[in-house]
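Have a look at coords36.tsv; it's TSV, C-alpha atoms:
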chain	number	residue	atom	x	y	z
A	1116	MET	CA	-8.37	-54.18	-103.02
A	1117	ALA	CA	-10.90	-53.03	-105.62
A	1118	GLY	CA	-13.39	-52.24	-102.87
A	1119	VAL	CA	-10.81	-50.08	-101.15
A	1120	LEU	CA	-10.08	-48.20	-104.37
A	1121	MET	CA	-13.78	-47.58	-105.06
A	1122	ALA	CA	-14.35	-46.25	-101.59
A	1123	GLY	CA	-11.41	-43.92	-101.86
A	1124	CYS	CA	-12.53	-42.55	-105.23
A	1125	SER	CA	-16.25	-42.23	-104.55
A	1126	ALA	CA	-16.03	-38.80	-102.87
A	1127	ALA	CA	-15.67	-36.27	-105.69
A	1128	PRO	CA	-14.27	-32.80	-104.88
A	1129	ASP	CA	-16.93	-30.27	-103.89
A	1130	PRO	CA	-17.38	-28.01	-106.94
A	1131	ARG	CA	-18.44	-25.00	-104.86
A	1132	PRO	CA	-15.92	-22.30	-103.95
A	1133	ALA	CA	-14.37	-22.66	-100.53
A	1134	SER	CA	-16.21	-19.51	-99.40
A	1135	VAL	CA	-19.60	-21.23	-99.69
A	1136	VAL	CA	-18.63	-24.70	-98.54
A	1137	PRO	CA	-20.20	-25.29	-95.07
A	1138	GLN	CA	-17.57	-25.26	-92.37
A	1139	ALA	CA	-18.84	-27.03	-89.26
A	1140	THR	CA	-16.35	-25.35	-86.97
A	1141	ALA	CA	-17.04	-21.89	-88.38
A	1142	SER	CA	-20.83	-22.07	-88.58
A	1143	ALA	CA	-21.50	-23.68	-85.22
A	1144	LYS	CA	-22.10	-21.03	-82.59
A	1145	ALA	CA	-19.70	-21.38	-79.70
A	1146	ALA	CA	-21.47	-21.99	-76.41
A	1147	VAL	CA	-21.26	-19.05	-74.04
A	1148	ALA	CA	-20.48	-19.95	-70.45
A	1149	PRO	CA	-23.05	-18.53	-68.03
A	1150	LEU	CA	-21.97	-15.94	-65.48
A	1151	THR	CA	-20.97	-17.49	-62.18
A	1152	ARG	CA	-22.36	-16.58	-58.78
A	1153	ALA	CA	-19.13	-14.77	-57.97
A	1154	GLN	CA	-19.44	-12.73	-61.17
A	1155	LEU	CA	-23.07	-11.88	-60.40
A	1156	ARG	CA	-22.10	-10.69	-56.92
A	1157	ALA	CA	-19.40	-8.48	-58.42
A	1158	LEU	CA	-21.95	-6.96	-60.81
A	1159	THR	CA	-24.47	-5.88	-58.17
A	1160	LEU	CA	-24.90	-2.21	-57.32
A	1161	LYS	CA	-22.31	-0.93	-54.90
A	1162	GLU	CA	-22.37	1.36	-51.91
A	1163	GLY	CA	-22.58	4.94	-53.09
A	1164	GLU	CA	-24.48	4.05	-56.28
A	1165	VAL	CA	-27.89	3.97	-54.58
A	1166	ALA	CA	-29.11	7.48	-53.84
A	1167	GLY	CA	-30.76	7.86	-50.44
A	1168	ALA	CA	-29.60	4.47	-49.24
A	1169	HIS	CA	-30.03	3.69	-45.57
A	1170	GLU	CA	-26.96	3.26	-43.38
A	1171	VAL	CA	-27.63	-0.49	-43.18
A	1172	GLY	CA	-26.62	-0.66	-46.83
A	1173	ASN	CA	-27.81	-2.89	-49.66
A	1174	PRO	CA	-26.55	-6.37	-48.81
A	1175	VAL	CA	-26.04	-9.12	-51.37
A	1176	GLN	CA	-27.00	-12.67	-50.44
A	1177	ASP	CA	-26.54	-16.13	-51.90
A	1178	PRO	CA	-29.46	-18.57	-51.94
A	1179	LEU	CA	-29.76	-20.66	-48.81
A	1180	PRO	CA	-28.64	-24.29	-49.09
A	1181	LYS	CA	-31.52	-26.54	-50.17
A	1182	GLU	CA	-31.75	-28.15	-46.74
A	1183	GLU	CA	-32.23	-24.72	-45.10
A	1184	GLN	CA	-34.81	-23.37	-47.54
A	1185	ARG	CA	-38.43	-23.32	-46.44
A	1186	SER	CA	-40.62	-24.69	-49.18
A	1187	PHE	CA	-44.24	-23.77	-49.81
A	1188	PRO	CA	-46.80	-25.66	-51.90
A	1189	PRO	CA	-47.36	-24.42	-55.46
A	1190	VAL	CA	-49.93	-21.67	-55.86
A	1191	SER	CA	-53.40	-22.49	-57.16
A	1192	ASP	CA	-52.77	-21.46	-60.80
A	1193	PRO	CA	-49.91	-23.29	-62.61
A	1194	THR	CA	-49.37	-20.39	-65.01
A	1195	CYS	CA	-48.96	-18.03	-62.07
A	1196	GLN	CA	-46.51	-20.48	-60.51
A	1197	THR	CA	-44.44	-20.18	-63.69
A	1198	VAL	CA	-44.34	-16.40	-63.18
A	1199	LEU	CA	-43.22	-16.83	-59.57
A	1200	ASP	CA	-40.55	-19.38	-60.48
A	1201	ILE	CA	-38.97	-17.28	-63.23
A	1202	ARG	CA	-39.02	-14.04	-61.26
A	1203	GLY	CA	-37.25	-15.93	-58.44
A	1204	GLY	CA	-34.53	-17.41	-60.65
A	1205	GLU	CA	-35.68	-21.03	-60.39
A	1206	ARG	CA	-33.71	-23.34	-62.69
A	1207	ALA	CA	-31.03	-20.69	-63.33
A	1208	SER	CA	-27.42	-21.84	-63.18
A	1209	ALA	CA	-26.49	-19.13	-60.65
A	1210	VAL	CA	-28.50	-16.66	-58.57
A	1211	VAL	CA	-27.80	-13.83	-56.11
A	1212	PHE	CA	-30.18	-11.52	-54.26
A	1213	GLN	CA	-29.68	-7.88	-53.30
A	1214	GLU	CA	-31.72	-5.96	-50.74
A	1215	PHE	CA	-32.33	-2.22	-51.05
A	1216	ASN	CA	-33.00	-0.01	-48.05
A	1217	TRP	CA	-33.84	3.67	-48.48
A	1218	LYS	CA	-34.05	6.32	-45.81
A	1219	GLY	CA	-37.64	7.13	-44.97
A	1220	ASP	CA	-38.91	3.99	-46.73
A	1221	ILE	CA	-39.65	1.13	-44.35
A	1222	TRP	CA	-40.71	-1.22	-47.15
A	1223	GLY	CA	-37.58	-1.26	-49.29
A	1224	GLY	CA	-37.03	-3.37	-52.38
A	1225	GLY	CA	-34.83	-6.03	-53.88
A	1226	SER	CA	-33.31	-7.55	-56.99
A	1227	THR	CA	-32.71	-11.10	-58.13
A	1228	LEU	CA	-29.86	-11.65	-60.61
A	1229	ALA	CA	-30.08	-14.99	-62.39
A	1230	ALA	CA	-27.62	-16.37	-64.95
A	1231	TYR	CA	-28.58	-19.06	-67.46
A	1232	GLU	CA	-26.81	-21.34	-69.89
A	1233	ASP	CA	-26.60	-20.04	-73.44
A	1234	GLY	CA	-30.09	-19.50	-74.89
A	1235	LYS	CA	-32.01	-20.64	-71.82
A	1236	ALA	CA	-32.71	-17.13	-70.52
A	1237	GLN	CA	-34.51	-16.35	-73.76
A	1238	GLN	CA	-36.55	-19.54	-73.44
A	1239	ALA	CA	-37.44	-18.75	-69.82
A	1240	PHE	CA	-38.50	-15.22	-70.74
A	1241	ALA	CA	-40.74	-16.55	-73.50
A	1242	ARG	CA	-42.44	-18.81	-70.93
A	1243	LEU	CA	-42.79	-15.83	-68.59
A	1244	LYS	CA	-44.52	-13.68	-71.21
A	1245	GLN	CA	-46.83	-16.54	-72.15
A	1246	ALA	CA	-47.74	-17.13	-68.49
A	1247	LEU	CA	-48.42	-13.43	-67.93
A	1248	GLY	CA	-50.97	-13.62	-70.73
A	1249	SER	CA	-53.26	-15.80	-68.61
A	1250	CYS	CA	-52.26	-15.38	-64.94
A	1251	ARG	CA	-54.82	-13.14	-63.26
A	1252	SER	CA	-55.03	-14.29	-59.63
A	1253	TYR	CA	-53.84	-17.10	-57.43
A	1254	GLU	CA	-54.04	-18.42	-53.91
A	1255	GLY	CA	-51.11	-19.74	-51.93
A	1256	THR	CA	-49.35	-20.07	-48.61
A	1257	GLY	CA	-46.46	-17.79	-47.61
A	1258	TRP	CA	-44.50	-16.69	-44.59
A	1259	VAL	CA	-47.59	-15.24	-42.90
A	1260	GLY	CA	-50.03	-17.96	-43.91
A	1261	LYS	CA	-52.61	-18.22	-46.68
A	1262	PHE	CA	-53.12	-15.37	-49.11
A	1263	LYS	CA	-54.86	-14.46	-52.35
A	1264	ALA	CA	-53.08	-12.26	-54.90
A	1265	THR	CA	-54.24	-10.43	-57.99
A	1266	LEU	CA	-51.71	-9.95	-60.78
A	1267	THR	CA	-51.92	-7.00	-63.16
A	1268	VAL	CA	-49.61	-6.49	-66.14
A	1269	VAL	CA	-48.67	-2.83	-66.65
A	1270	GLN	CA	-46.64	-0.80	-69.13
A	1271	PRO	CA	-43.05	-2.11	-69.11
A	1272	LEU	CA	-39.92	-0.06	-68.73
A	1273	ILE	CA	-38.01	-0.10	-72.03
A	1274	VAL	CA	-34.70	-1.61	-71.00
A	1275	GLY	CA	-32.48	-4.58	-71.82
A	1276	ASP	CA	-33.24	-7.08	-74.56
A	1277	GLU	CA	-36.84	-7.48	-73.40
A	1278	SER	CA	-38.78	-6.57	-70.28
A	1279	VAL	CA	-42.12	-6.93	-68.54
A	1280	ARG	CA	-43.66	-5.25	-65.51
A	1281	PHE	CA	-46.54	-6.40	-63.33
A	1282	LEU	CA	-48.13	-5.72	-59.96
A	1283	ALA	CA	-49.06	-8.27	-57.30
A	1284	THR	CA	-51.79	-7.04	-54.95
A	1285	ILE	CA	-52.73	-8.87	-51.74
A	1286	PRO	CA	-55.56	-7.61	-49.48
A	1287	MET	CA	-54.30	-7.45	-45.91
A	1288	GLY	CA	-57.65	-7.71	-44.11
A	1289	PRO	CA	-59.52	-5.34	-41.75
A	1290	GLU	CA	-56.74	-5.29	-39.15
A	1291	HIS	CA	-54.32	-3.85	-41.74
A	1292	PRO	CA	-56.03	-1.16	-43.83
A	1293	GLY	CA	-54.72	-0.98	-47.38
A	1294	ASP	CA	-53.47	-3.62	-49.78
A	1295	ARG	CA	-49.99	-5.05	-50.03
A	1296	ASN	CA	-48.75	-3.80	-53.41
A	1297	GLU	CA	-45.56	-5.10	-54.96
A	1298	GLN	CA	-44.21	-4.05	-58.32
A	1299	PHE	CA	-42.02	-6.45	-60.31
A	1300	THR	CA	-39.87	-5.39	-63.26
A	1301	VAL	CA	-38.31	-8.38	-65.02
A	1302	VAL	CA	-35.61	-7.79	-67.63
A	1303	ARG	CA	-33.61	-10.11	-69.86
A	1304	ALA	CA	-30.07	-8.98	-70.60
A	1305	GLY	CA	-28.39	-11.58	-72.79
A	1306	ASN	CA	-28.18	-14.83	-70.85
A	1307	THR	CA	-29.31	-13.25	-67.58
A	1308	ILE	CA	-32.70	-12.35	-66.15
A	1309	VAL	CA	-32.89	-9.74	-63.40
A	1310	THR	CA	-36.03	-9.04	-61.37
A	1311	PHE	CA	-36.51	-5.79	-59.46
A	1312	SER	CA	-39.19	-5.67	-56.77
A	1313	LYS	CA	-40.58	-2.73	-54.82
A	1314	LEU	CA	-43.07	-3.07	-51.97
A	1315	ASN	CA	-45.59	-0.70	-50.46
A	1316	LEU	CA	-48.57	-1.10	-48.15
A	1317	GLY	CA	-51.62	0.97	-48.90
A	1318	GLY	CA	-49.86	2.93	-51.65
A	1319	SER	CA	-48.09	2.56	-54.97
A	1320	ALA	CA	-44.57	1.21	-55.39
A	1321	SER	CA	-41.97	1.77	-58.08
A	1322	PHE	CA	-38.33	0.67	-58.20
A	1323	PRO	CA	-36.04	3.56	-59.29
A	1324	SER	CA	-35.65	3.36	-63.07
A	1325	ASP	CA	-32.10	4.76	-63.02
A	1326	LEU	CA	-30.96	1.83	-60.87
A	1327	ILE	CA	-32.68	-0.64	-63.20
A	1328	HIS	CA	-30.90	0.82	-66.23
A	1329	ARG	CA	-27.56	0.83	-64.43
A	1330	GLN	CA	-27.86	-2.78	-63.29
A	1331	VAL	CA	-29.04	-4.06	-66.66
A	1332	GLU	CA	-26.31	-2.27	-68.58
A	1333	ARG	CA	-23.72	-3.72	-66.21
A	1334	LEU	CA	-24.99	-7.22	-66.92
A	1335	ARG	CA	-24.93	-6.59	-70.67
A	1336	GLU	CA	-21.39	-5.24	-70.57
A	1337	ALA	CA	-20.18	-8.28	-68.65
A	1338	GLN	CA	-21.43	-10.58	-71.41
A	1339	ARG	CA	-20.00	-8.72	-74.38
A	1340	PRO	CA	-17.17	-10.68	-76.10

For this file, write the structure as structure tokens.
Amino acid sequence: MAGVLMAGCSAAPDPRPASVVPQATASAKAAVAPLTRAQLRALTLKEGEVAGAHEVGNPVQDPLPKEEQRSFPPVSDPTCQTVLDIRGGERASAVVFQEFNWKGDIWGGGSTLAAYEDGKAQQAFARLKQALGSCRSYEGTGWVGKFKATLTVVQPLIVGDESVRFLATIPMGPEHPGDRNEQFTVVRAGNTIVTFSKLNLGGSASFPSDLIHRQVERLREAQRP
């Protein structure tokens, strides 16, 4: 009985005011559920929002089932593979893709909207920025066979919580004069990362900045409490 009494009396009242006593339930940050694929689809840019859009529209697509995806071996530089993985939404909890088709532009562009669990988008973006610090060129195999790409980091567009922009240049060979130039703008908006790509052959490429701002702001609004 004495042992029971001692145990019950050993915890003295906390002398600090209630306002400074740690409250586990109050101080612990509530986990934020990531946006679902359906929510990402609903947040993509709609018909009529894309100036100069081709009649074929700007379709939104889900990732193919794993068994239908064609896989390629990793590129020659692991840090560059990290860049490719993050820009493509690898390891995100939900991903959707949107194609952009403009009149008079046969190359078009695209966006990848990727949602992450709370805090993981920030971690992924930190890995992306670190990888961009050392990725310069890489060799790999794609839809048209082997290729060699040069990656160049350029001035980012100021948008979202953080952003980067880089160019991937692939020589096309003597039968196709001019290089394949693709611009990538990668933006973190809360627990999402969205990548905008714009392709050109033999010329420069730039995804419309007004569409980037509109898409990013829409993602930020959807995550506000």

Query raised in the report: So, counting all atoms listed in the file, which residue among A:Phe1240, A:Phe1215, A:Tyr1231, A:Tyr1253 is closest to Arg1152 (chain A)?
Result: A:Tyr1231

Requested in this report: Pick out the residues sitting within 8 Å of region 1284-1288 of chain A, and hand them over as JSON, numbers by chain; count all atoms listed in the file, and ignore anything fewer than 4 positions along from it in its own chain.
Outcome: {"A": [1262, 1263, 1264, 1265, 1266, 1292, 1293, 1294, 1295, 1296, 1297]}

**Report entry** Spatial neighbours of region 1312-1315 of chain A, max dist 12 Å, only C-alpha atoms, sep filter under 2 positions, as a ChimeraX atom specification
**Finding:** /A:1202-1203,1212-1217,1220-1228,1280-1285,1287,1293-1302,1309-1310,1317-1324,1326-1327

Residues of region 1250-1336 of chain A at most 7 Å from region 1186-1195 of chain A: nearest atom pair and distance in Å, only C-alpha atoms, as JSON lines:
{"residue": "A:Cys1250", "atom": "CA", "partner": "A:Cys1195", "partner_atom": "CA", "distance": 5.1}
{"residue": "A:Tyr1253", "atom": "CA", "partner": "A:Ser1191", "partner_atom": "CA", "distance": 5.4}
{"residue": "A:Glu1254", "atom": "CA", "partner": "A:Ser1191", "partner_atom": "CA", "distance": 5.2}
{"residue": "A:Gly1255", "atom": "CA", "partner": "A:Val1190", "partner_atom": "CA", "distance": 4.5}
{"residue": "A:Thr1256", "atom": "CA", "partner": "A:Phe1187", "partner_atom": "CA", "distance": 6.4}
{"residue": "A:Gly1257", "atom": "CA", "partner": "A:Phe1187", "partner_atom": "CA", "distance": 6.7}

File of the preceding selection, C-alpha atoms, as a short mmCIF file (atom, residue, chain, number, x, y, z; two decimals), in the frame of the given file:
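Dumped to again17.cif:
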data_model
loop_
_atom_site.label_atom_id
_atom_site.label_comp_id
_atom_site.auth_asym_id
_atom_site.auth_seq_id
_atom_site.Cartn_x
_atom_site.Cartn_y
_atom_site.Cartn_z
CA CYS A 1250 -52.26 -15.38 -64.94
CA TYR A 1253 -53.84 -17.10 -57.43
CA GLU A 1254 -54.04 -18.42 -53.91
CA GLY A 1255 -51.11 -19.74 -51.93
CA THR A 1256 -49.35 -20.07 -48.61
CA GLY A 1257 -46.46 -17.79 -47.61
#

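When only C-alpha atoms are used to compute distances to Gln1338 (chain A), the closest of the residues A:Val1274, A:Ala1239, A:Val1210, A:Ala1230 turns out to be A:Ala1230.
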
Requested in this report: Give me the residues within 9 Å of Arg1242 (chain A) as a VMD selection string, counting all atoms listed in the file and dropping any in the same chain fewer than 3 places off.
Outcome: chain A and resid 1197 to 1198 1201 1237 to 1239 1245 to 1247

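One finds CA of Gln1176 (chain A) at 19.0 Å from CA of Pro1149 (chain A).
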
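The interatomic distance for the pair CA of Thr1267 (chain A) and CA of Arg1251 (chain A) works out to 6.8 Å.
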